[in-house]
Amino acid sequence: MRPSADSSERPRLKRGIYLLPNLFTTGTIFAGFFSIIAATQGRFAVAGIAIFAAMLTDMLDGRVARLTNTESDFGIQYDSLADLVSFGLASGLLAYLYSLQSLAGLSDTLGKLGWLAAFFYTAAAALRLARFNITRGGAVEKKIFLGLPSPAAAGVLVGFVWVGADFGIAGSQLVIPVLALTIGAGALMVSNVRYNSFKDLNLGGRVPFRYILLVVVGFVLIVIDPPRVLFGCFFAYALSGPVMALRRKRRRGRKSSR
């Protein structure tokens with residue numbers, strides 16, 4: 001029995017995946033899953049550290065794929081799913097278990113507000129990643145990000161939780177700032193606020209010597225006080241988008257008034 005013309009002309013799917021970059025992506029999922037386990041056991045500082053470890057593997061998988069010329073559609077989708085687990089679900093759950101669940105002790109309505117805020121953050125991360133996937137490679141996403149990237153949003157939320165846990169502060173005492181950061185980070189992810197992607201940085205080119213010195217100082221500060229330095233950096237980056245948007249709006253207003 002001869003195969004039909006349609007079946008013979010149908011392109012065959014290439015089997016197999018690139019191992020090296022997907023190992024780093026799997027590391028991102030592992031770190032996010034470990035964060036969930038640690039958070040359910042009340043080890044909130046450890047859970048926060050795991051999320052930041054996920055950021056490191058998430059940064060490495062893309063760079064390794066580009067350096068080894070092993071980028072693929074499978075890797076792109078796998079990376080997005082890993083980001084959703086670590087920077088969406090695990091981060092939102094950490095904020096809830098550390099602080100937001102204490103709202104249930106005040107009233108049923110506030111208790112619902114707590115888990116709904118965590119759900120809003122997680123859903124916003126999923127929407128942000130889906131939008132990034134359909135605009136990936138376009139002119140917009142090359143130099144800027146539309147909306148706060150999910151790793152940066154997790155850096156703000158999880159960084160604050162890590163700071164509170166490192167100081168030994170109970171989450172119930174920080175419920176208002178955690179609630180504000182959860183909703184605020186989620187809203188920024190799905191907003192049209194522009195953020196610098198830093199993709200135009202030429203890491204392989206020559207740079208002034210002072211740049212190397214700044215990198216060394218940055219490493220020293222992170223080692224001295226990781227939770228507060230990392231939270232401060234991500235919080236400043238999250239604020240940079242709205243601040244720059246206001247500056248652009250003022251400039252346009254001045255030009256129109258002339």
# chains A, B, ... in the order shown; residues from 1 in each chain; ligands from 1
$ closest_atom_pairs --of "range 71-118 of chain A" --to "range 167-191 of chain A" --cutoff "7 Å" --atoms "only C-alpha atoms" --output "Markdown table"
| residue | atom | partner | partner_atom | distance |
| --- | --- | --- | --- | --- |
| A:Ala95 | CA | A:Val178 | CA | 7.0 |
| A:Tyr98 | CA | A:Gly171 | CA | 5.2 |
| A:Ser99 | CA | A:Gly171 | CA | 4.0 |
| A:Leu100 | CA | A:Val175 | CA | 5.9 |
| A:Ser102 | CA | A:Ser172 | CA | 5.5 |
| A:Ala117 | CA | A:Ile183 | CA | 6.0 |
| A:Ala118 | CA | A:Thr182 | CA | 6.7 |
$ select_by_dssp --residues "range 3-239 of chain A" --states "alpha helix (DSSP H)" --output "VMD selection string"
chain A and resid 5 to 9 19 to 40 44 to 67 73 to 83 91 to 98 108 to 135 140 to 143 150 to 167 175 to 189 209 to 224 226 to 239
$ select_by_dssp --residues "range 72-241 of chain A" --states "strand (DSSP E or B)" --output "PyMOL selection string"
chain A and resi 144-146+194-196
$ residues_around --residues "Leu239 in chain A" --least-positions-apart "4" --cutoff "10 Å" --atoms "only C-alpha atoms" --output "list in words"
Leu148, Leu188, Tyr195, Phe234, Phe235, Val243 and Met244 of chain A
$ write_last_selection --atoms "N, CA and C atoms" --output "PDB file, in the first residue's frame"
ATOM      1  N   LEU A 148       7.010  44.916  33.611  1.00  0.00           N
ATOM      2  CA  LEU A 148       8.104  44.447  34.451  1.00  0.00           C
ATOM      3  C   LEU A 148       8.360  42.969  34.197  1.00  0.00           C
ATOM      4  N   LEU A 188       2.455  45.816  37.511  1.00  0.00           N
ATOM      5  CA  LEU A 188       3.532  46.287  36.643  1.00  0.00           C
ATOM      6  C   LEU A 188       3.886  45.256  35.573  1.00  0.00           C
ATOM      7  N   TYR A 195      10.608  49.137  30.295  1.00  0.00           N
ATOM      8  CA  TYR A 195      11.802  48.906  31.103  1.00  0.00           C
ATOM      9  C   TYR A 195      12.984  48.619  30.185  1.00  0.00           C
ATOM     10  N   PHE A 234      16.497  45.361  42.807  1.00  0.00           N
ATOM     11  CA  PHE A 234      15.289  45.027  42.058  1.00  0.00           C
ATOM     12  C   PHE A 234      14.177  46.047  42.281  1.00  0.00           C
ATOM     13  N   PHE A 235      14.096  46.594  43.497  1.00  0.00           N
ATOM     14  CA  PHE A 235      13.086  47.611  43.768  1.00  0.00           C
ATOM     15  C   PHE A 235      13.378  48.875  42.979  1.00  0.00           C
ATOM     16  N   VAL A 243       9.057  55.911  36.759  1.00  0.00           N
ATOM     17  CA  VAL A 243       9.754  57.201  36.840  1.00  0.00           C
ATOM     18  C   VAL A 243      10.099  57.713  35.453  1.00  0.00           C
ATOM     19  N   MET A 244      10.633  56.832  34.609  1.00  0.00           N
ATOM     20  CA  MET A 244      10.980  57.247  33.252  1.00  0.00           C
ATOM     21  C   MET A 244       9.724  57.577  32.443  1.00  0.00           C
TER      22      MET A 244
END
$ residues_around --residues "Val193 in chain A" --least-positions-apart "5" --cutoff "6 Å" --atoms "only C-alpha atoms" --output "mmCIF file with C-alpha atoms, in the first residue's frame"
data_model
loop_
_atom_site.group_PDB
_atom_site.id
_atom_site.type_symbol
_atom_site.label_atom_id
_atom_site.label_comp_id
_atom_site.auth_asym_id
_atom_site.auth_seq_id
_atom_site.Cartn_x
_atom_site.Cartn_y
_atom_site.Cartn_z
ATOM 1 C CA LEU A 146 6.847 46.054 27.957
ATOM 2 C CA GLY A 147 5.904 45.486 31.563
ATOM 3 C CA GLY A 241 9.892 52.183 34.625
#
$ closest_atom_pairs --of "range 120-188 of chain A" --to "range 79-86 of chain A" --cutoff "12 Å" --atoms "only C-alpha atoms" --output "tab-separated table"
residue	atom	partner	partner_atom	distance
A:Tyr121	CA	A:Leu84	CA	10.8
A:Thr122	CA	A:Leu84	CA	7.8
A:Ala123	CA	A:Leu84	CA	9.1
A:Ala124	CA	A:Leu84	CA	9.9
A:Ala125	CA	A:Leu84	CA	6.5
A:Ala126	CA	A:Leu84	CA	6.1
A:Leu127	CA	A:Leu84	CA	9.6
A:Arg128	CA	A:Leu84	CA	9.5
A:Leu129	CA	A:Ser80	CA	6.3
A:Ala130	CA	A:Ser80	CA	8.0
A:Arg131	CA	A:Ser80	CA	10.8
A:Phe132	CA	A:Ser80	CA	9.2
A:Asn133	CA	A:Ser80	CA	8.0
A:Ile134	CA	A:Ser80	CA	11.6
A:Arg136	CA	A:Ser80	CA	11.7
A:Pro149	CA	A:Asp83	CA	10.2
A:Ser150	CA	A:Asp83	CA	7.4
A:Pro151	CA	A:Asp83	CA	7.5
A:Ala152	CA	A:Asp83	CA	11.2
A:Ala153	CA	A:Ser86	CA	11.3
A:Ala154	CA	A:Ser86	CA	8.5
A:Gly155	CA	A:Ser86	CA	11.0
A:Val158	CA	A:Ser86	CA	10.8
$ write_last_selection --atoms "N, CA and C atoms" --output "compact mmCIF listing (two decimals), in the first residue's frame"
# COMPACT_ATOMS: atom_id res chain seq x y z
N TYR A 121 -1.01 37.93 41.38
CA TYR A 121 0.42 38.01 41.03
C TYR A 121 0.80 36.85 40.11
N THR A 122 0.38 35.64 40.45
CA THR A 122 0.72 34.46 39.64
C THR A 122 0.12 34.54 38.25
N ALA A 123 -1.15 34.94 38.17
CA ALA A 123 -1.81 35.08 36.86
C ALA A 123 -1.14 36.17 36.03
N ALA A 124 -0.74 37.27 36.68
CA ALA A 124 -0.06 38.35 35.96
C ALA A 124 1.27 37.86 35.39
N ALA A 125 1.99 37.02 36.14
CA ALA A 125 3.24 36.46 35.63
C ALA A 125 2.98 35.61 34.40
N ALA A 126 1.91 34.81 34.43
CA ALA A 126 1.57 33.97 33.26
C ALA A 126 1.23 34.84 32.05
N LEU A 127 0.45 35.89 32.27
CA LEU A 127 0.10 36.79 31.17
C LEU A 127 1.32 37.51 30.63
N ARG A 128 2.21 37.94 31.53
CA ARG A 128 3.44 38.62 31.10
C ARG A 128 4.30 37.71 30.23
N LEU A 129 4.44 36.45 30.62
CA LEU A 129 5.26 35.51 29.86
C LEU A 129 4.61 35.19 28.52
N ALA A 130 3.28 35.06 28.50
CA ALA A 130 2.60 34.78 27.24
C ALA A 130 2.76 35.95 26.27
N ARG A 131 2.64 37.17 26.77
CA ARG A 131 2.81 38.34 25.91
C ARG A 131 4.24 38.44 25.41
N PHE A 132 5.19 38.11 26.27
CA PHE A 132 6.59 38.16 25.85
C PHE A 132 6.87 37.14 24.73
N ASN A 133 6.25 35.98 24.82
CA ASN A 133 6.48 34.94 23.81
C ASN A 133 5.98 35.37 22.43
N ILE A 134 4.84 36.03 22.37
CA ILE A 134 4.30 36.40 21.06
C ILE A 134 4.95 37.65 20.50
N ARG A 136 8.33 38.18 21.17
CA ARG A 136 9.76 37.87 21.18
C ARG A 136 10.35 38.04 19.78
N PRO A 149 9.59 42.57 33.85
CA PRO A 149 9.87 41.14 33.64
C PRO A 149 9.59 40.33 34.90
N SER A 150 9.14 39.10 34.71
CA SER A 150 8.75 38.27 35.85
C SER A 150 9.91 37.99 36.82
N PRO A 151 11.16 37.79 36.36
CA PRO A 151 12.23 37.62 37.35
C PRO A 151 12.44 38.87 38.21
N ALA A 152 12.31 40.05 37.62
CA ALA A 152 12.47 41.28 38.39
C ALA A 152 11.32 41.45 39.38
N ALA A 153 10.10 41.10 38.96
CA ALA A 153 8.96 41.17 39.87
C ALA A 153 9.17 40.22 41.05
N ALA A 154 9.67 39.02 40.77
CA ALA A 154 9.96 38.08 41.85
C ALA A 154 11.08 38.61 42.74
N GLY A 155 12.06 39.31 42.14
CA GLY A 155 13.14 39.88 42.94
C GLY A 155 12.63 40.90 43.94
N VAL A 158 10.03 38.59 46.48
CA VAL A 158 10.78 37.61 47.26
C VAL A 158 11.91 38.27 48.03
$ atom_distance --atom1 "CA of Asn192 in chain A" --atom2 "CA of Phe119 in chain A"
20.5 Å
$ closest_atom_pairs --of "range 102-214 of chain A" --to "range 40-53 of chain A" --cutoff "7 Å" --atoms "only C-alpha atoms" --output "CSV"
residue,atom,partner,partner_atom,distance
A:Val158,CA,A:Gly48,CA,5.6
A:Gly159,CA,A:Gly48,CA,6.9
A:Trp162,CA,A:Ala45,CA,5.1
A:Ala165,CA,A:Ala45,CA,5.6
A:Asp166,CA,A:Ala45,CA,6.4
$ closest_residue --among "A:Leu67, A:Met59, A:Val229, A:Ile29" --to "Val156 in chain A" --atoms "only C-alpha atoms"
A:Val229
